[in-house]
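Next up, structure.csv (CSV, C-alpha atoms (C1' of nucleotides)):
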```csv
chain,number,residue,atom,x,y,z
K,935,MET,CA,107.7,122.2,112.7
K,936,PRO,CA,106.9,125.7,113.3
K,937,GLU,CA,105.2,126.8,116.5
K,938,LEU,CA,106.4,129.7,118.7
K,939,SER,CA,109.6,128.0,119.9
K,940,GLU,CA,110.8,126.9,116.5
K,941,VAL,CA,110.1,130.4,115.0
K,942,GLU,CA,111.9,132.0,117.9
K,943,ALA,CA,114.9,129.7,117.3
K,944,TRP,CA,114.9,130.8,113.7
K,945,ARG,CA,114.6,134.4,114.7
K,946,LEU,CA,117.8,133.9,116.8
K,947,LEU,CA,119.5,132.3,113.9
K,948,ALA,CA,118.6,135.1,111.6
K,949,ASP,CA,119.6,137.7,114.2
K,950,ARG,CA,123.0,136.1,114.8
K,951,HIS,CA,123.9,135.8,111.2
K,952,ALA,CA,122.3,138.8,109.6
K,953,ARG,CA,122.3,141.6,112.1
K,954,ASP,CA,124.0,144.7,110.5
K,955,GLN,CA,124.7,142.8,107.3
K,956,ARG,CA,124.0,144.0,103.8
K,957,ILE,CA,122.0,141.8,101.5
K,958,LEU,CA,124.2,141.3,98.4
K,959,GLN,CA,122.0,138.9,96.5
K,960,VAL,CA,118.5,137.6,96.6
K,961,PHE,CA,117.1,134.3,95.3
K,962,ALA,CA,113.3,134.1,95.0
K,963,ALA,CA,111.7,131.0,93.6
K,964,GLN,CA,109.0,131.3,90.9
K,965,ASP,CA,106.1,130.5,93.2
K,966,ASP,CA,103.0,132.7,93.3
K,967,ILE,CA,101.4,130.8,96.1
K,968,VAL,CA,104.2,131.4,98.7
K,969,PHE,CA,104.8,134.9,97.2
K,970,ASP,CA,101.0,135.7,97.3
K,971,THR,CA,101.2,139.5,97.3
K,972,ALA,CA,104.7,140.7,96.3
K,973,SER,CA,106.0,138.8,93.2
K,974,PRO,CA,109.4,137.0,93.6
K,975,ARG,CA,110.9,139.5,91.2
K,976,HIS,CA,109.6,142.5,93.2
K,977,PHE,CA,110.8,140.8,96.4
K,978,SER,CA,114.4,140.4,95.1
K,979,ARG,CA,114.6,143.9,93.7
K,980,THR,CA,113.3,145.4,96.9
K,981,LEU,CA,115.7,143.6,99.2
K,982,ARG,CA,118.9,143.6,97.2
K,983,GLY,CA,121.4,146.2,98.7
K,984,ARG,CA,119.4,146.7,101.9
K,985,GLU,CA,120.9,146.4,105.3
K,986,ILE,CA,119.4,144.1,108.0
K,987,ARG,CA,119.1,145.8,111.4
K,988,ALA,CA,117.4,143.0,113.3
K,989,ALA,CA,115.0,140.0,113.2
K,990,HIS,CA,111.7,140.1,115.0
K,991,ARG,CA,109.0,137.6,115.8
K,992,ARG,CA,105.4,137.6,117.1
K,993,GLY,CA,103.3,134.4,117.2
K,994,LYS,CA,104.5,132.3,114.3
K,995,TYR,CA,105.5,135.3,112.2
K,996,LEU,CA,109.1,136.3,111.6
K,997,TRP,CA,110.2,139.6,110.0
K,998,LEU,CA,113.4,141.4,109.2
K,999,GLU,CA,113.9,145.1,110.1
K,1000,LEU,CA,115.8,146.8,107.3
K,1001,ASP,CA,117.4,150.2,106.7
K,1002,ARG,CA,114.5,151.0,104.4
K,1003,ARG,CA,110.9,149.9,104.1
K,1004,PRO,CA,109.1,147.8,103.1
K,1005,TRP,CA,110.3,144.8,105.3
K,1006,PRO,CA,109.9,141.1,104.5
K,1007,LEU,CA,107.5,139.0,106.6
K,1008,PHE,CA,107.7,135.2,106.7
K,1009,HIS,CA,105.2,132.6,107.8
K,1010,PHE,CA,106.3,129.0,107.7
K,1011,GLY,CA,103.0,127.1,107.3
K,1012,MET,CA,103.2,123.5,108.4
K,1013,THR,CA,106.5,122.5,106.9
K,1014,GLY,CA,108.7,125.6,106.6
K,1015,SER,CA,112.0,126.3,108.1
K,1016,LEU,CA,114.9,128.8,108.0
K,1017,ARG,CA,118.5,127.7,107.5
K,1018,ALA,CA,121.9,129.3,107.5
K,1019,TYR,CA,124.7,128.1,105.3
K,1020,LYS,CA,127.6,129.4,103.3
K,1021,HIS,CA,127.4,128.0,99.8
K,1022,ALA,CA,124.8,128.0,97.1
K,1023,SER,CA,125.4,124.2,96.8
K,1024,GLU,CA,123.9,123.8,100.3
K,1025,ARG,CA,120.7,125.5,99.3
K,1026,PRO,CA,118.0,123.2,100.6
K,1027,GLY,CA,115.3,121.6,98.5
K,1028,TYR,CA,112.0,123.6,98.3
K,1029,CYS,CA,114.0,126.8,99.1
K,1030,LYS,CA,111.6,129.7,98.3
K,1031,ALA,CA,113.8,132.6,99.2
K,1032,GLU,CA,117.5,133.0,100.0
K,1033,LEU,CA,119.4,136.1,101.1
K,1034,THR,CA,123.2,136.2,100.6
K,1035,LEU,CA,124.9,138.5,103.2
K,1036,ASP,CA,128.2,140.3,103.0
K,1037,ASN,CA,129.6,138.1,105.7
K,1038,GLY,CA,129.3,135.2,103.4
K,1039,TRP,CA,126.3,133.6,105.1
K,1040,ARG,CA,123.1,132.7,103.3
K,1041,LEU,CA,119.7,132.5,104.9
K,1042,GLY,CA,117.3,130.1,103.2
K,1043,PHE,CA,113.6,130.0,103.7
K,1044,ARG,CA,112.3,126.5,102.9
K,1045,ASN,CA,108.7,125.6,102.4
K,1046,VAL,CA,107.7,122.1,101.2
K,1047,ARG,CA,103.9,122.2,101.3
K,1048,ARG,CA,103.6,125.8,100.1
K,1049,LEU,CA,101.3,126.7,103.0
K,1050,GLY,CA,103.9,129.3,104.1
K,1051,ARG,CA,103.9,132.9,102.9
K,1052,VAL,CA,106.5,135.6,102.1
K,1053,ARG,CA,105.3,139.2,102.0
K,1054,LEU,CA,106.5,142.8,102.0
K,1055,LEU,CA,104.9,145.2,104.5
K,1056,GLN,CA,105.6,148.8,105.5
K,1057,ASP,CA,105.4,148.0,109.2
K,1058,PRO,CA,104.8,144.3,109.9
K,1059,SER,CA,104.3,144.8,113.7
K,1060,SER,CA,101.4,147.2,113.3
K,1061,GLU,CA,99.4,145.8,110.4
K,1062,PRO,CA,97.7,142.5,109.6
K,1063,PRO,CA,98.3,139.7,110.0
K,1064,VAL,CA,100.6,140.4,113.0
K,1065,SER,CA,98.3,143.2,114.4
K,1066,ARG,CA,95.5,140.7,114.7
K,1067,LEU,CA,97.4,138.3,117.0
K,1068,GLY,CA,96.6,137.8,120.6
K,1069,PHE,CA,99.1,137.7,123.4
K,1070,ASP,CA,102.5,136.0,122.8
K,1071,PRO,CA,103.5,133.8,125.8
K,1072,LEU,CA,107.1,134.7,125.4
K,1073,LEU,CA,106.8,138.5,124.8
K,1074,ASP,CA,103.9,139.2,127.0
K,1075,ARG,CA,103.3,138.2,130.6
K,1076,PRO,CA,99.6,138.4,131.3
K,1077,SER,CA,98.6,138.6,135.0
K,1078,PRO,CA,96.3,135.9,136.3
K,1079,GLU,CA,93.3,138.2,135.9
K,1080,GLU,CA,94.2,139.1,132.3
K,1081,PHE,CA,94.8,135.5,131.5
K,1082,ARG,CA,91.5,134.5,133.0
K,1083,SER,CA,89.6,137.1,131.0
K,1084,LEU,CA,90.7,135.3,127.8
K,1085,LEU,CA,88.7,132.3,128.8
K,1086,VAL,CA,85.4,133.7,130.0
K,1087,ARG,CA,82.4,133.8,127.7
K,1088,ARG,CA,84.1,131.3,125.3
K,1089,ASN,CA,82.1,128.2,124.6
K,1090,THR,CA,84.7,126.6,122.4
K,1091,PRO,CA,86.8,123.7,123.7
K,1092,ILE,CA,89.9,125.0,125.5
K,1093,LYS,CA,92.1,123.2,123.0
K,1094,ALA,CA,90.4,125.1,120.1
K,1095,LEU,CA,90.9,128.4,122.0
K,1096,LEU,CA,94.6,127.7,122.5
K,1097,LEU,CA,95.0,127.2,118.8
K,1098,ASN,CA,93.2,130.5,118.1
K,1099,GLN,CA,96.0,132.9,117.1
K,1100,ALA,CA,93.9,135.9,117.9
K,1101,VAL,CA,94.0,134.8,121.5
K,1102,PHE,CA,97.2,132.8,122.1
K,1103,ALA,CA,99.7,133.8,119.4
K,1104,GLY,CA,102.3,131.1,118.6
K,1105,VAL,CA,100.6,128.2,120.3
K,1106,GLY,CA,100.2,125.3,117.9
K,1107,ASN,CA,99.1,121.7,118.1
K,1108,TRP,CA,101.9,120.2,120.1
K,1109,ILE,CA,102.2,123.1,122.6
K,1110,ALA,CA,98.4,123.1,123.1
K,1111,ASP,CA,98.5,119.3,123.9
K,1112,GLU,CA,101.5,119.7,126.1
K,1113,VAL,CA,100.2,122.4,128.3
K,1114,LEU,CA,96.7,120.8,128.7
K,1115,TYR,CA,98.4,117.6,129.8
K,1116,GLN,CA,100.7,119.4,132.3
K,1117,ALA,CA,97.9,121.5,133.6
K,1118,ARG,CA,95.6,118.4,133.8
K,1119,ILE,CA,92.8,119.9,131.8
K,1120,ARG,CA,90.6,117.9,129.3
K,1121,PRO,CA,91.0,119.3,125.8
K,1122,THR,CA,87.3,119.2,125.2
K,1123,ARG,CA,86.4,121.3,128.3
K,1124,PRO,CA,84.6,124.5,127.2
K,1125,ALA,CA,87.0,127.4,127.9
K,1126,SER,CA,84.4,129.2,130.1
K,1127,LYS,CA,84.1,126.1,132.3
K,1128,VAL,CA,87.8,125.8,133.2
K,1129,SER,CA,88.0,126.5,136.9
K,1130,PRO,CA,90.0,129.4,138.3
K,1131,GLU,CA,92.5,127.0,139.7
K,1132,ALA,CA,92.9,125.1,136.5
K,1133,CYS,CA,93.1,128.4,134.6
K,1134,GLU,CA,96.0,129.5,136.8
K,1135,ARG,CA,97.8,126.2,136.3
K,1136,LEU,CA,97.4,126.7,132.6
K,1137,ARG,CA,98.9,130.2,132.7
K,1138,ARG,CA,102.0,128.9,134.6
K,1139,VAL,CA,102.4,125.8,132.5
K,1140,LEU,CA,102.2,127.7,129.3
K,1141,ASP,CA,104.8,130.2,130.5
K,1142,ARG,CA,107.1,127.3,131.6
K,1143,VAL,CA,106.7,125.1,128.5
K,1144,VAL,CA,107.3,128.0,126.1
K,1145,ARG,CA,110.4,129.3,128.0
K,1146,ARG,CA,111.9,125.9,128.3
K,1147,ALA,CA,111.4,125.0,124.6
K,1148,VAL,CA,113.0,128.4,123.7
K,1149,ALA,CA,115.8,127.9,126.1
K,1150,VAL,CA,117.0,124.8,124.2
K,1151,GLU,CA,116.3,126.5,120.9
K,1152,ALA,CA,113.4,124.3,120.1
K,1153,ASP,CA,115.7,121.2,120.0
K,1154,SER,CA,113.1,118.6,121.0
K,1155,THR,CA,115.7,116.1,122.0
K,1156,ARG,CA,116.5,118.4,124.9
K,1157,PHE,CA,112.9,118.8,126.1
K,1158,PRO,CA,112.4,117.4,129.6
K,1159,ARG,CA,111.9,113.7,129.5
K,1160,ASN,CA,108.5,113.8,131.1
K,1161,TRP,CA,106.9,115.9,128.4
K,1162,LEU,CA,104.0,114.4,126.5
K,1163,PHE,CA,105.8,115.6,123.4
K,1164,HIS,CA,108.2,112.6,123.3
K,1165,VAL,CA,105.4,110.0,123.2
K,1166,ARG,CA,102.5,111.8,121.6
K,1167,TRP,CA,103.1,110.3,118.1
K,1168,GLY,CA,103.6,106.8,119.4
K,1169,LYS,CA,100.1,106.2,118.1
K,1170,GLN,CA,98.3,103.0,119.0
K,1171,HIS,CA,98.8,101.8,122.6
K,1172,ALA,CA,101.0,104.8,123.2
K,1173,ARG,CA,101.7,105.6,126.9
K,1174,THR,CA,103.3,108.3,128.9
K,1175,ARG,CA,106.6,107.6,130.7
K,1176,LYS,CA,104.5,106.8,133.8
K,1177,GLY,CA,102.5,104.2,131.8
K,1178,GLU,CA,99.3,106.3,131.4
K,1179,PRO,CA,97.5,105.4,128.2
K,1180,ILE,CA,97.3,108.2,125.6
K,1181,ARG,CA,94.1,108.8,123.6
K,1182,TYR,CA,93.7,110.5,120.3
K,1183,ASP,CA,90.6,112.5,119.3
K,1184,THR,CA,89.9,115.3,116.9
K,1185,VAL,CA,89.3,118.6,118.9
K,1186,GLY,CA,89.3,122.0,117.3
K,1187,GLY,CA,89.8,120.3,114.0
K,1188,ARG,CA,93.2,118.8,114.9
K,1189,THR,CA,94.4,115.5,116.2
K,1190,THR,CA,94.7,115.8,119.9
K,1191,ALA,CA,96.8,113.6,122.1
K,1192,TRP,CA,95.6,113.5,125.7
K,1193,VAL,CA,95.7,111.4,128.8
K,1194,PRO,CA,92.2,110.7,130.2
K,1195,SER,CA,93.5,109.4,133.6
K,1196,VAL,CA,95.3,112.8,134.2
K,1197,GLN,CA,93.1,115.3,132.3
K,1198,ARG,CA,89.8,115.4,134.0
Y,431,DC,C1',96.5,103.9,96.9
Y,432,DT,C1',95.1,106.3,101.0
Y,433,DC,C1',95.6,109.3,104.7
Y,434,DA,C1',97.4,112.3,108.2
Y,435,DG,C1',100.1,116.3,109.3
Y,436,DT,C1',103.9,121.3,115.0
Y,437,DG,C1',98.8,125.9,110.0
Y,438,DT,C1',95.6,129.5,108.2
Y,439,DT,C1',91.6,131.1,105.8
Y,440,DC,C1',87.1,131.4,104.4
Y,441,DA,C1',82.3,129.8,103.6
Y,442,DG,C1',78.4,128.4,106.0
Y,443,DT,C1',75.6,128.1,110.3
Y,444,DG,C1',73.2,129.7,114.3
J,153,DT,C1',78.1,141.2,113.7
J,154,DC,C1',80.0,137.5,116.4
J,155,DA,C1',81.3,132.8,117.8
J,156,DC,C1',82.2,128.7,116.0
J,157,DT,C1',82.9,124.6,112.7
J,158,DG,C1',84.7,122.1,109.0
J,159,DA,C1',86.5,122.0,104.4
J,160,DA,C1',90.0,123.6,101.4
J,161,DC,C1',94.7,124.5,100.4
J,162,DA,C1',99.4,121.6,98.9
J,163,DC,C1',102.6,117.9,99.0
J,164,DT,C1',105.4,114.2,101.2
J,165,DG,C1',106.0,110.1,103.5
J,166,DA,C1',104.2,106.3,106.2
```

What does this structure look like when you write it as structure tokens?
Amino acid sequence: MPELSEVEAWRLLADRHARDQRILQVFAAQDDIVFDTASPRHFSRTLRGREIRAAHRRGKYLWLELDRRPWPLFHFGMTGSLRAYKHASERPGYCKAELTLDNGWRLGFRNVRRLGRVRLLQDPSSEPPVSRLGFDPLLDRPSPEEFRSLLVRRNTPIKALLLNQAVFAGVGNWIADEVLYQARIRPTRPASKVSPEACERLRRVLDRVVRRAVAVEADSTRFPRNWLFHVRWGKQHARTRKGEPIRYDTVGGRTTAWVPSVQR
DNA sequence: CTCAGTGTTCAGTG
DNA sequence: TCACTGAACACTGA
């Protein structure tokens, strides 16, 4: 699930439930893949008793600002999520970390495929991996010139460039397909060959799609009806709402849903 | 049983 | 060193 809008929705969830709350208890699963640097035991001991000041996000990374460093950083991988609930009995399956707060709420980090990560860092915003991220479409508003400069001298397909977190932080497979469809650009088009007009459409569409998805807290049932999102997994013979046939190809190493009659 | 998936990293190539 | 590609990682559900 986790692209920019989902992670932003979880940031809001964490911020609402945990801001100015003390961490009374920590559960950390025995999992040295998800806890790839700080051990579960070290994670628990470090966080217990701390107070949460705020939740932050950049790209697909989420971290908590505490009253004392280090701070926890979360990445959700392909199948992670964050949940809030009140009782241990509601702890979701594949829960890798859970914080119990003094207001009674619990925050649970779930990760089925174990491609997600939990780390402890002194200053997540200024050190890798967050410091290596490119512009974040929600936090940063690049000018047309700045945006255009991201595409020049790039020979990779525009779809692959959109997935590059060092360039477009937070854009994942569905956002990339959605914005290319709405901006009417072929996913395979080399980034440097995207025309200035198409580049400007892309900038505006990316801004609009991300803001809209965040405005409904990433609830896809509330995405506008004409978005490709709703039909992109219809698979064979899938069509847009207007009846345009959807095609599936691998671009940038990922399955790409696109509409040849619209994206030229 | 096989395969794909809302992601990232790293080895290998040019 | 840089840009880029494709496989590996891990596990569930179709």

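Nearest-residue note for chain J: choosing from K:Tyr1028, K:Phe1157, K:Tyr1019, K:Phe969, the minimum distance belongs to K:Tyr1028, counting all atoms listed in the file.
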
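Candidate residues K:Pro1026, K:Pro1158, K:Gly1011, K:Pro1121 were compared for distance to chain J, and the nearest is K:Gly1011, using all atoms listed in the file.
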
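Interface residues on chain J toward chain K (cut-off 9 Å, all atoms listed in the file): DA155, DC156, DT157, DG158, DC161, DA162, DC163 and DT164 of chain J.
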
Q: Please return, as a VMD selection string, all residues of chain K lying within 7 Å of chain Y when only C-alpha atoms (C1' of nucleotides) are considered.
A: chain K and resid 935 to 937 1011 to 1012 1106 to 1108

- Skipping near chain neighbours, those fewer than 2 positions away, what residues fall within 12 Å of Pro1130 in chain K using only C-alpha atoms (C1' of nucleotides), listed as an MDAnalysis selection string? chainID K and resid 1078:1079 1081:1083 1085:1086 1119 1125:1128 1132:1137

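Note that the spacing between CA of Arg1066 in chain K and CA of His990 in chain K amounts to 16.2 Å.
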
If we count only C-alpha atoms (C1' of nucleotides) and set the cut-off at 7 Å, which residues sit around Leu1072 in chain K, ignoring sequence neighbours fewer than 2 positions away in its own chain? Please answer as a short mmCIF file (atom, residue, chain, number, x, y, z; two decimals) with C-alpha atoms, keeping the file's coordinate frame.
```cif
data_model
loop_
_atom_site.label_atom_id
_atom_site.label_comp_id
_atom_site.auth_asym_id
_atom_site.auth_seq_id
_atom_site.Cartn_x
_atom_site.Cartn_y
_atom_site.Cartn_z
CA ASP K 1070 102.50 136.00 122.80
CA ASP K 1074 103.90 139.20 127.00
CA VAL K 1144 107.30 128.00 126.10
CA ARG K 1145 110.40 129.30 128.00
#
```

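The spacing separating CA of Arg1142 in chain K from CA of Phe1043 in chain K amounts to 28.8 Å.
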